[in-house]
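Undergrad: Just dropping this structure here.
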Amino acid sequence: MEKKIHLSLCQGTSCPFNNSKTVFEKIKDYLRGNNLENRVEFSNAQCCGKCNNGLKMEIDGNQLHAVNSDNVSTLLDLCLQTNYYC
Ligand code: FES
């Protein structure tokens with residue numbers, strides 16, 4: 001059985017001001033559109049205390065900051081399809 005990738009998006013107190021709800025929906029659409037729902041466990045995350053760095057996404061323990069609705073698809077391509085960035 002293939003190991004699942006753990007992907008989370010911060011929903012702490014600051015990240016909603018950085019459009020986290022929109023980005024959350026974009027991630028869900030991305031996973032569905034790329035048939036990754038069975039490979040990726042997607043959930044909300046808590047604040048890590050680095051709110052000034054922008055919206056936080058975490059993939060298998062690697063934190064990415066300043067995630068937004070414009071760059072999230074590219075980041076997911078790099079991390080989930082090529083393992084380049086993460
Ligand atoms: S609320 Fe998201 S990193 Fe602090």
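Labels used: A, B, ... for chains in the order of the structure tokens, numbers from 1 for residues in each chain, and numbers from 1 for ligands as shown.
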So that each row is one residue of chain A with an atom at most 12 Å from ligand 1, can you give its shortest atom pair and the distance in Å to one decimal, using only C-alpha atoms and all ligand atoms, rows by chain and rising number, as a Markdown table?

TA:
```
| residue | atom | partner | partner_atom_place_in_ligand_line | distance |
| --- | --- | --- | --- | --- |
| A:Ser8 | CA | ligand 1 | 2 (Fe) | 11.0 |
| A:Leu9 | CA | ligand 1 | 2 (Fe) | 8.1 |
| A:Cys10 | CA | ligand 1 | 2 (Fe) | 4.7 |
| A:Gln11 | CA | ligand 1 | 2 (Fe) | 5.9 |
| A:Gly12 | CA | ligand 1 | 1 (S) | 3.6 |
| A:Thr13 | CA | ligand 1 | 1 (S) | 4.6 |
| A:Ser14 | CA | ligand 1 | 1 (S) | 4.0 |
| A:Cys15 | CA | ligand 1 | 2 (Fe) | 4.2 |
| A:Pro16 | CA | ligand 1 | 1 (S) | 7.4 |
| A:Phe17 | CA | ligand 1 | 1 (S) | 8.8 |
| A:Asn18 | CA | ligand 1 | 2 (Fe) | 8.7 |
| A:Asn19 | CA | ligand 1 | 2 (Fe) | 10.7 |
| A:Ser20 | CA | ligand 1 | 2 (Fe) | 8.7 |
| A:Lys21 | CA | ligand 1 | 2 (Fe) | 11.8 |
| A:Asn44 | CA | ligand 1 | 2 (Fe) | 10.2 |
| A:Ala45 | CA | ligand 1 | 2 (Fe) | 8.0 |
| A:Gln46 | CA | ligand 1 | 2 (Fe) | 6.7 |
| A:Cys47 | CA | ligand 1 | 4 (Fe) | 3.8 |
| A:Cys48 | CA | ligand 1 | 3 (S) | 4.9 |
| A:Gly49 | CA | ligand 1 | 4 (Fe) | 4.9 |
| A:Lys50 | CA | ligand 1 | 3 (S) | 4.8 |
| A:Cys51 | CA | ligand 1 | 4 (Fe) | 3.8 |
| A:Asn52 | CA | ligand 1 | 3 (S) | 7.5 |
| A:Asn53 | CA | ligand 1 | 3 (S) | 7.5 |
| A:Gly54 | CA | ligand 1 | 3 (S) | 6.9 |
| A:Leu55 | CA | ligand 1 | 2 (Fe) | 5.7 |
| A:Lys56 | CA | ligand 1 | 3 (S) | 5.6 |
| A:Met57 | CA | ligand 1 | 2 (Fe) | 8.7 |
| A:Glu58 | CA | ligand 1 | 3 (S) | 10.5 |
| A:Gln63 | CA | ligand 1 | 3 (S) | 9.9 |
| A:Leu64 | CA | ligand 1 | 3 (S) | 10.2 |
| A:His65 | CA | ligand 1 | 3 (S) | 8.3 |
| A:Ala66 | CA | ligand 1 | 3 (S) | 9.8 |
| A:Val67 | CA | ligand 1 | 2 (Fe) | 10.7 |
```

Undergrad: Take the selection from the previous step and output its residues with N, CA and C atoms, as a compact mmCIF listing (two decimals), in the first residue's frame.

TA:
```
# COMPACT_ATOMS: atom_id res chain seq x y z
N SER A 8 -1.53 19.96 4.58
CA SER A 8 -2.43 20.74 5.43
C SER A 8 -2.29 22.21 5.11
N LEU A 9 -3.34 22.94 5.43
CA LEU A 9 -3.36 24.38 5.20
C LEU A 9 -3.79 25.05 6.50
N CYS A 10 -3.05 26.06 6.89
CA CYS A 10 -3.33 26.71 8.16
C CYS A 10 -4.69 27.42 8.14
N GLN A 11 -5.41 27.22 9.21
CA GLN A 11 -6.68 27.93 9.41
C GLN A 11 -6.65 28.61 10.77
N GLY A 12 -5.46 29.06 11.17
CA GLY A 12 -5.31 29.76 12.44
C GLY A 12 -6.00 31.11 12.39
N THR A 13 -5.67 31.99 13.31
CA THR A 13 -6.40 33.26 13.38
C THR A 13 -5.97 34.26 12.31
N SER A 14 -4.72 34.22 11.86
CA SER A 14 -4.24 35.17 10.86
C SER A 14 -4.44 34.70 9.42
N CYS A 15 -4.24 33.45 9.19
CA CYS A 15 -4.26 32.96 7.81
C CYS A 15 -5.60 33.17 7.09
N PRO A 16 -6.74 33.17 7.76
CA PRO A 16 -7.97 33.50 7.03
C PRO A 16 -7.93 34.89 6.39
N PHE A 17 -7.14 35.80 6.97
CA PHE A 17 -6.99 37.12 6.35
C PHE A 17 -6.12 37.04 5.10
N ASN A 18 -5.44 35.93 4.91
CA ASN A 18 -4.64 35.70 3.70
C ASN A 18 -5.36 34.73 2.76
N ASN A 19 -6.68 34.78 2.82
CA ASN A 19 -7.49 34.04 1.85
C ASN A 19 -7.43 32.52 2.00
N SER A 20 -7.24 32.03 3.20
CA SER A 20 -7.06 30.59 3.38
C SER A 20 -8.28 29.78 2.94
N LYS A 21 -9.46 30.32 3.09
CA LYS A 21 -10.66 29.55 2.70
C LYS A 21 -10.71 29.35 1.18
N ASN A 44 -6.97 20.68 7.77
CA ASN A 44 -6.63 21.99 8.32
C ASN A 44 -5.45 21.85 9.26
N ALA A 45 -4.69 22.93 9.40
CA ALA A 45 -3.57 22.93 10.35
C ALA A 45 -3.73 24.11 11.31
N GLN A 46 -3.02 24.02 12.39
CA GLN A 46 -3.02 25.09 13.38
C GLN A 46 -1.90 26.08 13.06
N CYS A 47 -1.96 27.21 13.71
CA CYS A 47 -0.93 28.23 13.57
C CYS A 47 0.42 27.68 14.06
N CYS A 48 1.48 28.04 13.31
CA CYS A 48 2.83 27.62 13.70
C CYS A 48 3.61 28.79 14.29
N GLY A 49 2.95 29.95 14.40
CA GLY A 49 3.60 31.12 14.96
C GLY A 49 4.35 31.98 13.95
N LYS A 50 4.30 31.59 12.68
CA LYS A 50 5.00 32.36 11.65
C LYS A 50 4.01 33.09 10.76
N CYS A 51 3.01 33.67 11.38
CA CYS A 51 1.92 34.31 10.64
C CYS A 51 2.41 35.42 9.72
N ASN A 52 3.49 36.11 10.13
CA ASN A 52 3.99 37.22 9.30
C ASN A 52 4.51 36.76 7.95
N ASN A 53 4.74 35.47 7.80
CA ASN A 53 5.25 34.95 6.54
C ASN A 53 4.15 34.63 5.54
N GLY A 54 2.91 34.88 5.92
CA GLY A 54 1.80 34.62 5.01
C GLY A 54 1.19 33.24 5.23
N LEU A 55 0.23 32.93 4.40
CA LEU A 55 -0.51 31.66 4.53
C LEU A 55 0.43 30.47 4.46
N LYS A 56 0.25 29.55 5.42
CA LYS A 56 1.13 28.38 5.52
C LYS A 56 0.47 27.12 5.01
N MET A 57 1.19 26.41 4.15
CA MET A 57 0.79 25.07 3.70
C MET A 57 1.91 24.13 4.12
N GLU A 58 1.56 22.93 4.50
CA GLU A 58 2.58 21.98 4.93
C GLU A 58 2.39 20.67 4.17
N GLN A 63 7.21 23.11 5.52
CA GLN A 63 6.35 24.29 5.54
C GLN A 63 6.63 25.19 4.34
N LEU A 64 5.57 25.62 3.70
CA LEU A 64 5.64 26.61 2.63
C LEU A 64 4.82 27.80 3.07
N HIS A 65 5.37 28.99 2.92
CA HIS A 65 4.66 30.19 3.35
C HIS A 65 4.36 31.07 2.14
N ALA A 66 3.53 32.09 2.39
CA ALA A 66 3.11 33.03 1.34
C ALA A 66 2.37 32.31 0.22
N VAL A 67 1.64 31.27 0.59
CA VAL A 67 0.82 30.56 -0.39
C VAL A 67 -0.41 31.42 -0.68
```

Undergrad: Could you write out, as a list in words, all the residues of chain A that DSSP marks as strand (DSSP E or B)?

TA: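 Answer for chain A, restricted to strand (DSSP E or B): Ile5, His6, Leu7, Ser8, Leu9, Cys10, Val40, Glu41, Phe42, Ser43, Asn44, Ala45, Met57, Glu58, Ile59, Asn62, Gln63 and Leu64 of chain A.
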
Undergrad: Enter the distance from CA of Gly33 (chain A) to CA of Leu75 (chain A), in Å, rounded to one decimal.

TA: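 Value for the CA of Gly33 (chain A)-CA of Leu75 (chain A) distance: 15.2 Å.
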
Undergrad: Would you write out, as JSON lines, a table of all residues in region 14-49 of chain A that have an atom no more than 10 Å from an atom of region 78-81 of chain A, listing for each the closest atom pair and the distance in Å to one decimal, considering only C-alpha atoms and ordering rows by chain and rising residue number?

TA:
```
{"residue": "A:Leu31", "atom": "CA", "partner": "A:Leu80", "partner_atom": "CA", "distance": 9.7}
{"residue": "A:Asn34", "atom": "CA", "partner": "A:Gln81", "partner_atom": "CA", "distance": 9.5}
{"residue": "A:Leu36", "atom": "CA", "partner": "A:Leu80", "partner_atom": "CA", "distance": 8.8}
{"residue": "A:Arg39", "atom": "CA", "partner": "A:Leu80", "partner_atom": "CA", "distance": 9.6}
{"residue": "A:Val40", "atom": "CA", "partner": "A:Leu80", "partner_atom": "CA", "distance": 8.9}
```
